[in-house]
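Engineer: Below: one structure in structure tokens.
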Amino acid sequence: MPELQIIGAPQSNYVCVVRIACLEKGVPYTLVPAIPHSPEVDAIHPFGKIPVMRHGDVTLSESRAICFYIDHTFDGPPLAPRDPVEGARTEEWISLVNTHIDPLLVRQYLGAHFFPGTPDGSPNRAAIEAALPKMEQHFAVLDRVVAKTGYLVGNTFTLADINLLPILYYMNKMPESSAMVRRHASLRSYFDRHMSRPSAREATPPPFPGREG
Ligand SMILES: N[C@@H](CCC(=O)N[C@@H](CS)C(=O)NCC(=O)O)C(=O)O
């Protein structure tokens with residue numbers, strides 16, 4: 001078998017998703033550090049985003065496609081249930097995380113802290129304040145959903161949880177969002193429990209360069 005390369009920066013929540021997927025599946029991989037829009041990424045992703053993947057002659061972009069490939073190429077526990085209903089519910093939550101939760105919590109809120117675009121590099125308070133009321137709604141929804149079984153879907157840890165976990169990791173680090181995590185008891189215990197999985201611990205994002213403190 002050729003080497004499976006996951007190409008991207010380990011701080012990216014989407015790179016983290018693919019790494020957790022490999023670890024849960026028990027698939028060895030090599031993380032090849034690369035930033036978005038670098039030549040090695042642009043060669044595979046049409047819009048220069050990370051992660052991308054290389055496995056022998058197979059190259060892929062987009063975390064969902066990469067996880068599908070990993071799940072169906074290698075032996076190991078399924079990342080998404082093969083039952084059509086549970087599988088569809090998993091896709092439903094992956095999509096909700098990617099199209100609603102990531103744009104608000106990561107791109108808008110976390111971006112306003114980490115990549116604020118302000119003259120002095122201080123957090124973009126206007127963008128943060130605009131995100132907070134909507135974030136309250138998202139946290140309430142997630143808290144309600146995971147309260148039922150401790151998972152987003154059914155009674156097992158699926159790719160839906162894998163997609164959410166790196167986002168919650170960052171939310172637990174920032175001031176306004178960590179207060180929200182603490183105020184939602186079911187989400188808090190969901191986060192604590194799943195972050196203690198060996199896969200999540202091993203793929204924990206390192207600090208962004210220059211933000212080690
Ligand atoms: N839909 C993509 C999203 C990947 C993504 O947004 N990656 C971010 C890093 S977390 C990125 O490459 N951003 C650079 C950019 O948008 O230009 C996936 O699921 O892989």
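In the structure tokens, chains take the letters A, B, ... in the order shown, each chain's residues start at 1, and ligands count up from 1 in the order shown.
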I'd like the contact shell of stretch 156-167 of chain A - 8 Å cut-off, only C-alpha atoms, skipping same-chain residues fewer than 4 positions apart - returned as number ranges by chain.
Structural biologist: A: 13-14, 16-17, 20-21, 79-81, 90-91, 93-94, 97, 102, 105-106, 151-152, 171, 191, 194-195, 200, 204
Engineer: I need the alpha helix (DSSP H) residues of stretch 5-178 of chain A per DSSP on the backbone, written as number ranges by chain.
Structural biologist: A: 13-25, 39-42, 63-73, 84-96, 111-114, 125-149, 159-171, 175-178
Engineer: Please produce, as a tab-separated table, a per-residue contact table for chain A versus ligand 1 (criterion: any atom at most 10 Å away, only C-alpha atoms and all ligand atoms considered), showing the nearest atom pair and its distance in Å to one decimal, sorted by chain then residue number.
Structural biologist:
```
residue	atom	partner	partner_atom_place_in_ligand_line	distance
A:Gly8	CA	ligand 1	12 (O)	8.1
A:Ala9	CA	ligand 1	9 (C)	7.9
A:Pro10	CA	ligand 1	10 (S)	9.2
A:Gln11	CA	ligand 1	10 (S)	7.5
A:Ser12	CA	ligand 1	10 (S)	4.0
A:Asn13	CA	ligand 1	10 (S)	5.1
A:Tyr14	CA	ligand 1	10 (S)	5.1
A:Val15	CA	ligand 1	10 (S)	6.9
A:Cys16	CA	ligand 1	10 (S)	8.8
A:Val17	CA	ligand 1	19 (O)	8.9
A:Val18	CA	ligand 1	20 (O)	8.8
A:Ala34	CA	ligand 1	12 (O)	9.9
A:Ile35	CA	ligand 1	12 (O)	7.4
A:Pro36	CA	ligand 1	12 (O)	4.8
A:His37	CA	ligand 1	17 (O)	6.9
A:Val41	CA	ligand 1	12 (O)	9.0
A:His45	CA	ligand 1	20 (O)	9.0
A:Phe47	CA	ligand 1	17 (O)	7.3
A:Gly48	CA	ligand 1	17 (O)	6.4
A:Lys49	CA	ligand 1	12 (O)	3.2
A:Ile50	CA	ligand 1	12 (O)	4.0
A:Pro51	CA	ligand 1	20 (O)	5.5
A:Val52	CA	ligand 1	20 (O)	7.5
A:Leu60	CA	ligand 1	20 (O)	9.8
A:Ser61	CA	ligand 1	20 (O)	6.5
A:Glu62	CA	ligand 1	20 (O)	3.5
A:Ser63	CA	ligand 1	20 (O)	3.8
A:Arg64	CA	ligand 1	19 (O)	5.7
A:Ala65	CA	ligand 1	19 (O)	8.0
A:Ile66	CA	ligand 1	20 (O)	8.3
A:Cys67	CA	ligand 1	19 (O)	9.7
A:Ile94	CA	ligand 1	19 (O)	9.7
A:Ser95	CA	ligand 1	19 (O)	9.7
A:Asn98	CA	ligand 1	19 (O)	7.1
A:Thr99	CA	ligand 1	1 (N)	8.9
A:Asp102	CA	ligand 1	6 (O)	8.7
A:Pro103	CA	ligand 1	6 (O)	9.0
A:Val106	CA	ligand 1	10 (S)	8.3
A:Arg107	CA	ligand 1	6 (O)	8.3
A:Asn163	CA	ligand 1	19 (O)	9.3
A:Ile167	CA	ligand 1	10 (S)	10.0
```
Engineer: Taking 4 positions as the minimum chain separation for residues in the same chain, which residues sit within 9 Å of stretch 136-144 of chain A when counting only C-alpha atoms? Answer as a ChimeraX atom specification.
Structural biologist: /A:100-101,105,131-132,148,152,177,180-181,184-188,190
Engineer: Take the residues from that selection and put them in a file with N, CA, C and O atoms, as a compact mmCIF listing (two decimals), in the first residue's frame.
Structural biologist:
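Output saved as result_24.txt:
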```
# COMPACT_ATOMS: atom_id res chain seq x y z
N HIS A 100 -23.57 25.56 8.34
CA HIS A 100 -24.09 26.52 9.31
C HIS A 100 -23.11 26.81 10.44
O HIS A 100 -22.81 27.96 10.74
N ILE A 101 -22.63 25.74 11.08
CA ILE A 101 -21.86 25.93 12.32
C ILE A 101 -20.45 26.43 12.01
O ILE A 101 -19.99 27.42 12.60
N LEU A 105 -19.21 29.89 13.61
CA LEU A 105 -18.32 29.73 14.77
C LEU A 105 -16.84 29.84 14.39
O LEU A 105 -16.06 30.43 15.14
N ALA A 131 -21.67 38.04 15.90
CA ALA A 131 -21.81 36.58 15.87
C ALA A 131 -22.47 36.04 17.14
O ALA A 131 -23.15 35.00 17.08
N LEU A 132 -22.28 36.70 18.27
CA LEU A 132 -22.67 36.10 19.55
C LEU A 132 -24.14 35.69 19.67
O LEU A 132 -24.43 34.56 20.12
N LYS A 148 -29.62 13.86 24.12
CA LYS A 148 -30.40 12.62 24.00
C LYS A 148 -29.54 11.38 24.21
O LYS A 148 -29.88 10.53 25.03
N LEU A 152 -24.14 13.01 18.22
CA LEU A 152 -25.02 13.77 17.31
C LEU A 152 -26.02 12.86 16.64
O LEU A 152 -27.16 13.23 16.38
N SER A 177 -17.01 32.18 23.73
CA SER A 177 -17.55 30.85 23.38
C SER A 177 -17.29 29.83 24.48
O SER A 177 -18.11 28.92 24.68
N MET A 180 -20.04 29.96 26.77
CA MET A 180 -21.23 29.27 26.23
C MET A 180 -21.10 27.76 26.42
O MET A 180 -22.09 27.10 26.75
N VAL A 181 -19.90 27.22 26.18
CA VAL A 181 -19.72 25.77 26.39
C VAL A 181 -20.04 25.45 27.85
O VAL A 181 -20.77 24.49 28.14
N HIS A 184 -23.75 25.17 28.89
CA HIS A 184 -24.59 24.10 28.31
C HIS A 184 -24.06 22.76 28.80
O HIS A 184 -23.09 22.22 28.24
N ALA A 185 -24.70 22.22 29.84
CA ALA A 185 -24.14 21.06 30.56
C ALA A 185 -24.00 19.83 29.66
O ALA A 185 -23.00 19.11 29.75
N SER A 186 -24.97 19.58 28.80
CA SER A 186 -24.89 18.37 27.95
C SER A 186 -23.76 18.51 26.94
O SER A 186 -23.01 17.56 26.69
N LEU A 187 -23.66 19.69 26.36
CA LEU A 187 -22.59 19.91 25.38
C LEU A 187 -21.23 19.85 26.06
O LEU A 187 -20.27 19.31 25.50
N ARG A 188 -21.16 20.42 27.27
CA ARG A 188 -19.90 20.39 28.03
C ARG A 188 -19.45 18.94 28.27
O ARG A 188 -18.30 18.59 28.05
N TYR A 190 -20.44 16.26 26.67
CA TYR A 190 -20.15 15.68 25.34
C TYR A 190 -18.72 16.02 24.92
O TYR A 190 -17.94 15.15 24.52
```
Engineer: Interatomic distance between atom CA of A:Pro205 and atom CA of A:Glu86?
Structural biologist: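 Distance reported for this atom pair: 29.0 Å.
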Engineer: Between atom CA of A:Glu176 and atom CA of A:Ile128, what distance in Å does the model show, to one decimal?
Structural biologist: 8.9 Å
Engineer: For the atom pair atom CA of A:Tyr29 and atom CA of A:Ile70, what is the interatomic distance in Å to one decimal place?
Structural biologist: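 Distance between the two atoms: 10.5 Å.
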Engineer: Which of chain A counts as strand (DSSP E or B) under DSSP, as a list in words please?
Structural biologist: Leu4, Gln5, Ile6, Ile7, Thr30, Leu31, Val32, Val52, Met53, Arg54, His55, Val58, Thr59, Leu60 and Ser61 of chain A
Engineer: Using only C-alpha atoms, which of the listed residues (A:Phe74, A:Tyr69, A:Tyr109, A:Phe115) sits closest to A:Tyr170?
Structural biologist: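 Closest to A:Tyr170, using only C-alpha atoms: A:Tyr109.
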Engineer: With distances taken over only C-alpha atoms, which of A:Pro206, A:Gly117, A:Gly87, A:Pro198 is nearest to A:Glu24?
Structural biologist: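 Smallest separation from A:Glu24 among the options: A:Pro198.
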Engineer: For A:Thr59, which residue among A:Ala127, A:Ala43, A:Ala147, A:Ala203 is the nearest when counting only C-alpha atoms?
Structural biologist: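 Among the listed residues, the smallest separation from A:Thr59 belongs to A:Ala43.
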Engineer: In terms of the shortest atom-to-atom distance over only C-alpha atoms, which of A:His55, A:Lys134, A:Ile7, A:Pro78 is closest to A:Asp42?
Structural biologist: A:Ile7
